[in-house]
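Colleague: File follows, work_24.txt with compact mmCIF, C-alpha atoms:
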# COMPACT_ATOMS: atom_id res chain seq x y z
CA VAL A 1 0.00 0.00 0.00
CA THR A 2 1.43 3.35 -0.97
CA PRO A 3 1.11 6.25 1.52
CA ASP A 4 -1.40 8.12 -0.68
CA SER A 5 -3.37 5.05 -1.80
CA ASP A 6 -5.59 2.46 -0.16
CA THR A 7 -5.31 0.14 -3.14
CA ILE A 8 -3.87 -3.35 -2.68
CA THR A 9 -3.15 -5.21 -5.89
CA THR A 10 -2.89 -8.97 -6.49
CA ALA A 11 0.76 -8.47 -7.45
CA MET A 12 1.44 -6.86 -4.07
CA LEU A 13 -0.19 -9.78 -2.28
CA LYS A 14 1.72 -12.40 -4.26
CA SER A 15 5.05 -10.62 -3.82
CA GLY A 16 4.57 -10.44 -0.06
CA ALA A 17 4.54 -6.64 -0.03
CA VAL A 18 1.25 -6.90 1.83
CA SER A 19 1.11 -9.57 4.52
CA SER A 20 -2.07 -11.24 5.72
CA SER A 21 -1.68 -9.42 9.05
CA LYS A 22 -2.21 -6.10 7.20
CA LEU A 23 -5.45 -7.25 5.60
CA SER A 24 -8.74 -6.86 7.39
CA SER A 25 -10.69 -10.10 7.60
CA GLY A 26 -13.65 -10.85 5.39
CA LYS A 27 -12.30 -9.30 2.19
CA VAL A 28 -12.55 -11.25 -1.07
CA LEU A 29 -9.00 -11.77 -2.36
CA GLN A 30 -9.71 -13.80 -5.50
CA VAL A 31 -12.51 -15.65 -7.28
CA VAL A 32 -12.29 -18.75 -9.48
CA SER A 33 -15.35 -20.04 -11.32
CA VAL A 34 -15.58 -23.20 -13.43
CA VAL A 35 -18.45 -24.33 -15.67
CA ASP A 36 -18.74 -28.04 -16.52
CA ASP A 37 -21.05 -29.35 -19.24
CA THR A 38 -19.76 -32.92 -19.50
CA ASP A 39 -22.66 -35.39 -19.42
CA THR A 40 -21.68 -37.79 -16.61
CA SER A 41 -23.83 -40.79 -15.60
CA ILE A 42 -23.49 -42.51 -12.23
CA THR A 43 -25.17 -45.84 -11.50
CA SER A 44 -22.99 -46.78 -8.54
CA ALA A 45 -23.86 -46.73 -4.83
CA THR A 46 -20.21 -45.76 -4.27
CA TYR A 47 -19.32 -42.07 -4.49
CA THR A 48 -17.95 -41.32 -7.97
CA ASP A 49 -16.44 -38.12 -9.44
CA THR A 50 -19.04 -35.91 -11.13
CA GLY A 51 -16.50 -34.13 -13.34
CA LEU A 52 -16.97 -30.77 -11.59
CA SER A 53 -13.74 -29.50 -10.03
CA ALA A 54 -11.85 -26.23 -9.57
CA ASN A 55 -8.38 -25.20 -8.37
CA ILE A 56 -7.32 -22.20 -6.31
CA THR A 57 -3.99 -21.16 -4.81
CA PRO A 58 -4.65 -19.26 -1.57
CA ILE A 59 -2.55 -16.15 -0.95
CA SER A 60 -2.46 -16.71 2.82
CA THR A 61 -2.65 -19.72 5.16
CA SER A 62 -5.22 -17.80 7.25
CA SER A 63 -7.59 -17.43 4.28
CA LYS A 64 -10.89 -19.23 4.03
CA ILE A 65 -12.34 -20.55 0.77
CA LEU A 66 -16.07 -20.18 0.19
CA VAL A 67 -17.09 -23.00 -2.16
CA THR A 68 -20.40 -22.63 -4.00
CA VAL A 69 -21.68 -25.58 -6.05
CA ASN A 70 -24.66 -25.57 -8.39
CA HIS A 71 -25.25 -28.94 -10.09
CA ASN A 72 -27.59 -29.69 -12.98
CA LEU A 73 -29.06 -33.15 -12.20
CA ARG A 74 -31.24 -35.73 -13.88
CA LEU A 75 -32.39 -38.62 -11.68
CA GLN A 76 -33.88 -41.57 -13.57
CA ARG A 77 -35.38 -44.75 -12.20
CA SER A 78 -37.08 -47.91 -13.36
CA THR A 79 -37.92 -49.13 -9.86
CA SER A 80 -40.40 -47.69 -7.38
CA SER A 81 -37.84 -45.36 -5.79
CA VAL A 82 -34.44 -43.80 -6.39
CA TYR A 83 -32.35 -41.45 -4.26
CA GLY A 84 -28.97 -39.83 -4.64
CA GLY A 85 -26.44 -37.67 -2.89
CA VAL A 86 -23.53 -35.33 -3.61
CA LYS A 87 -20.51 -34.50 -1.45
CA LEU A 88 -17.57 -32.07 -1.60
CA LEU A 89 -13.89 -33.01 -1.38
CA ARG A 90 -10.67 -31.03 -0.98
CA GLY A 91 -8.17 -33.18 -2.86
CA SER A 92 -9.10 -36.70 -1.76
CA THR A 93 -10.47 -35.64 1.66
CA ASP A 94 -14.22 -35.44 2.32
CA ILE A 95 -14.93 -32.00 3.75
CA PHE A 96 -18.70 -31.63 3.36
CA ASN A 97 -21.43 -34.21 2.95
CA PRO A 98 -24.75 -32.40 3.28
CA ASP A 99 -26.86 -35.47 2.51
CA PRO A 100 -27.84 -37.79 5.35
CA ILE A 101 -26.53 -41.33 4.91
CA ASP A 102 -27.64 -44.56 6.50
CA SER A 103 -26.84 -48.18 5.68
CA ASN A 104 -28.95 -47.87 2.51
CA GLY A 105 -27.27 -44.83 1.01
CA ALA A 106 -27.42 -41.08 0.58
CA PHE A 107 -30.70 -39.20 0.73
CA GLY A 108 -30.01 -35.73 -0.68
CA PHE A 109 -32.73 -35.92 -3.31
CA GLY A 110 -34.98 -38.57 -4.75
CA TYR A 111 -38.35 -39.88 -5.69
CA GLN A 112 -40.55 -42.62 -4.30
CA SER A 113 -43.89 -43.94 -5.49
CA GLY A 114 -45.52 -47.08 -6.81
CA GLU A 115 -44.85 -46.00 -10.39
CA THR A 116 -41.77 -46.89 -12.39
CA SER A 117 -39.69 -45.28 -15.14
CA SER A 118 -39.71 -41.73 -13.81
CA ILE A 119 -37.28 -38.94 -14.63
CA ILE A 120 -36.69 -35.97 -12.34
CA LEU A 121 -34.74 -32.86 -13.36
CA LEU A 122 -33.42 -30.65 -10.59
CA ARG A 123 -30.70 -28.32 -9.35
CA ASN A 124 -28.58 -29.18 -6.33
CA THR A 125 -26.95 -26.12 -4.76
CA PHE A 126 -24.85 -25.81 -1.62
CA GLN A 127 -22.09 -23.72 -0.05
CA PHE A 128 -19.26 -24.61 2.30
CA LEU A 129 -16.68 -22.39 4.01
CA ASP A 130 -13.34 -24.24 4.13
CA SER A 131 -10.09 -23.45 5.94
CA PRO A 132 -7.37 -25.20 3.90
CA SER A 133 -4.45 -23.55 5.82
CA SER A 134 -2.29 -23.66 2.71
CA THR A 135 -0.65 -21.46 0.09
CA SER A 136 -0.29 -24.39 -2.30
CA GLN A 137 -2.82 -25.11 -5.03
CA VAL A 138 -6.00 -26.66 -3.61
CA THR A 139 -8.42 -28.74 -5.72
CA TYR A 140 -12.11 -28.97 -4.85
CA LYS A 141 -14.38 -31.51 -6.53
CA THR A 142 -17.75 -33.16 -6.09
CA GLN A 143 -18.77 -36.80 -6.09
CA GLY A 144 -22.22 -38.32 -6.44
CA ARG A 145 -23.93 -41.66 -5.87
CA VAL A 146 -27.32 -43.33 -6.20
CA TYR A 147 -29.23 -45.00 -3.39
CA ILE A 148 -29.42 -48.45 -5.00
CA ALA A 149 -26.79 -49.44 -7.58
CA SER A 150 -28.48 -50.36 -10.83
CA ASN A 151 -28.04 -49.56 -14.51
CA SER A 152 -31.63 -48.37 -14.53
CA ASN A 153 -31.20 -46.10 -11.48
CA THR A 154 -29.09 -43.28 -12.87
CA LEU A 155 -27.87 -39.96 -11.53
CA ARG A 156 -26.76 -37.79 -14.47
CA PHE A 157 -24.85 -34.56 -14.18
CA ASN A 158 -25.24 -32.05 -17.04
CA TYR A 159 -27.70 -34.15 -19.02
CA ASN A 160 -27.16 -33.75 -22.76
CA GLY A 161 -30.68 -32.99 -23.93
CA SER A 162 -31.96 -32.43 -27.43
CA VAL A 163 -30.98 -28.74 -27.42
CA ASN A 164 -28.07 -28.18 -25.03
CA ASN A 165 -26.03 -29.89 -22.37
CA GLY A 166 -26.93 -28.96 -18.84
CA GLN A 167 -24.25 -27.05 -16.97
CA SER A 168 -22.92 -27.17 -13.43
CA VAL A 169 -20.89 -24.41 -11.79
CA MET A 170 -18.35 -24.34 -8.97
CA THR A 171 -17.19 -20.96 -7.64
CA LEU A 172 -14.29 -20.58 -5.19
CA MET A 173 -13.83 -17.29 -3.32
CA GLU A 174 -10.76 -16.71 -1.18
CA VAL A 175 -11.72 -14.61 1.84
CA SER A 176 -9.11 -13.03 4.11
CA GLY A 177 -9.07 -14.60 7.58
Please express the file's structure as structure tokens.

Modeller:
Amino acid sequence: VTPDSDTITTAMLKSGAVSSSKLSSGKVLQVVSVVDDTDTSITSATYTDTGLSANITPISTSSKILVTVNHNLRLQRSTSSVYGGVKLLRGSTDIFNPDPIDSNGAFGFGYQSGETSSIILLRNTFQFLDSPSSTSQVTYKTQGRVYIASNSNTLRFNYNGSVNNGQSVMTLMEVSG
């Protein structure tokens, strides 16, 4: 920061000219946003990568990363019920699993009735505030699973419809700590 200016640039932060102790907390330092339109089908009851991931390199170890996820989902079933769930990982470590799980599976969203062959289109959105305590590149990704593994019970991310692929978005915001 120059004596006559209150402006802090990214270059100043990266060079160390401005230390994290000089920053007030709660300021957004950088934003990374990734759009994924790859049509990914999951038929497994084991968590599987959705294809949505983003990288960020925090400027300070005291920073927090606000992760916002907005998934485009298509849940298809040929049985009387189907459920699914999505979780967030930092690298290979689970950091947020918003969907309750019991011995049968994840219950973040789903459908149950006596009918069969239903398709449900929905958006799954969540946020998580992480404290990675690192200045190395950090990768965030999501994984999804169905309640009962079956080729006819399918959780699809970014369904490729007749007009366009659906799109999912992950936004990472580094916030000074």

Colleague: With 6 Å as the cut-off and all atoms listed in the file counted, what is the closest atom pair between each nearby residue of range 59-83 of chain A and range 131-147 of chain A? Distances in Å to one decimal, ordered by chain and number, as a tab-separated table.

Modeller:
residue	atom	partner	partner_atom	distance
A:Ile59	CA	A:Thr135	CA	5.7
A:Ser60	CA	A:Thr135	CA	5.8
A:Thr61	CA	A:Ser133	CA	4.3
A:Ser62	CA	A:Ser133	CA	6.0
A:Lys64	CA	A:Ser131	CA	4.7
A:Tyr83	CA	A:Tyr147	CA	4.8

Colleague: Put those residues in a file: C-alpha atoms, as an mmCIF file, in the frame of the given file.

Modeller:
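Output contents, as saved in selection_35.cif:
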data_model
loop_
_atom_site.group_PDB
_atom_site.id
_atom_site.type_symbol
_atom_site.label_atom_id
_atom_site.label_comp_id
_atom_site.auth_asym_id
_atom_site.auth_seq_id
_atom_site.Cartn_x
_atom_site.Cartn_y
_atom_site.Cartn_z
ATOM 1 C CA ILE A 59 -2.550 -16.150 -0.950
ATOM 2 C CA SER A 60 -2.460 -16.710 2.820
ATOM 3 C CA THR A 61 -2.650 -19.720 5.160
ATOM 4 C CA SER A 62 -5.220 -17.800 7.250
ATOM 5 C CA LYS A 64 -10.890 -19.230 4.030
ATOM 6 C CA TYR A 83 -32.350 -41.450 -4.260
#

Colleague: Here is a test: counting only C-alpha atoms, which residue of A:Gln127, A:Asn72, A:Ser25, A:Ser63 is nearest to Thr50 in chain A?

Modeller: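 Nearest candidate to Thr50 in chain A out of A:Gln127, A:Asn72, A:Ser25, A:Ser63: A:Asn72.
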
Colleague: Go ahead and find all residues with at least one atom no further than 10 Å from (-20.5, -22.6, -0.8) in the file's coordinates, using only C-alpha atoms; report them as number ranges by chain.

Modeller: A: 65-70, 88, 125-130, 170-173

Colleague: Can I get the selected residues back with C-alpha atoms, as a PDB file, in the coordinates of the input?

Modeller:
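Once everything was written out, this is out.pdb:
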ATOM      1  CA  ILE A  65     -12.340 -20.550   0.770  1.00  0.00           C
ATOM      2  CA  LEU A  66     -16.070 -20.180   0.190  1.00  0.00           C
ATOM      3  CA  VAL A  67     -17.090 -23.000  -2.160  1.00  0.00           C
ATOM      4  CA  THR A  68     -20.400 -22.630  -4.000  1.00  0.00           C
ATOM      5  CA  VAL A  69     -21.680 -25.580  -6.050  1.00  0.00           C
ATOM      6  CA  ASN A  70     -24.660 -25.570  -8.390  1.00  0.00           C
ATOM      7  CA  LEU A  88     -17.570 -32.070  -1.600  1.00  0.00           C
ATOM      8  CA  THR A 125     -26.950 -26.120  -4.760  1.00  0.00           C
ATOM      9  CA  PHE A 126     -24.850 -25.810  -1.620  1.00  0.00           C
ATOM     10  CA  GLN A 127     -22.090 -23.720  -0.050  1.00  0.00           C
ATOM     11  CA  PHE A 128     -19.260 -24.610   2.300  1.00  0.00           C
ATOM     12  CA  LEU A 129     -16.680 -22.390   4.010  1.00  0.00           C
ATOM     13  CA  ASP A 130     -13.340 -24.240   4.130  1.00  0.00           C
ATOM     14  CA  MET A 170     -18.350 -24.340  -8.970  1.00  0.00           C
ATOM     15  CA  THR A 171     -17.190 -20.960  -7.640  1.00  0.00           C
ATOM     16  CA  LEU A 172     -14.290 -20.580  -5.190  1.00  0.00           C
ATOM     17  CA  MET A 173     -13.830 -17.290  -3.320  1.00  0.00           C
TER      18      MET A 173
END

Colleague: Between CA of Phe109 in chain A and CA of Asp37 in chain A, what distance in Å does the model show, to one decimal?

Modeller: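 Straight-line distance from CA of Phe109 in chain A to CA of Asp37 in chain A works out to 20.8 Å.
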
Colleague: CA of Asp36 in chain A and CA of Leu155 in chain A, how far apart in Å?

Modeller: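 For CA of Leu155 in chain A relative to CA of Asp36 in chain A, the distance reads 15.8 Å.
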
Colleague: Please provide as a ChimeraX atom specification all residues within 8 Å of Ser41 in chain A, with the sequence filter that same-chain residues fewer than 5 positions apart are discarded (counting only C-alpha atoms).

Modeller: /A:154-157

Colleague: CA of Gly85 in chain A and CA of Gly108 in chain A are how many Å apart?

Modeller: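 Interatomic distance, CA of Gly85 in chain A to CA of Gly108 in chain A: 4.6 Å.
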
Colleague: Can you tell me which residues surround Lys27 in chain A at a distance of at most 10 Å, considering all atoms listed in the file, apart from same-chain residues fewer than 2 positions away, and format the answer as number ranges by chain?

Modeller: A: 23-25, 29-30, 63, 173-177

Colleague: With distances taken over only C-alpha atoms, which residue among A:Val82, A:Leu73, A:Ile42, A:Ile119 lies nearest Gly166 in chain A?

Modeller: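 Nearest candidate to Gly166 in chain A out of A:Val82, A:Leu73, A:Ile42, A:Ile119: A:Leu73.
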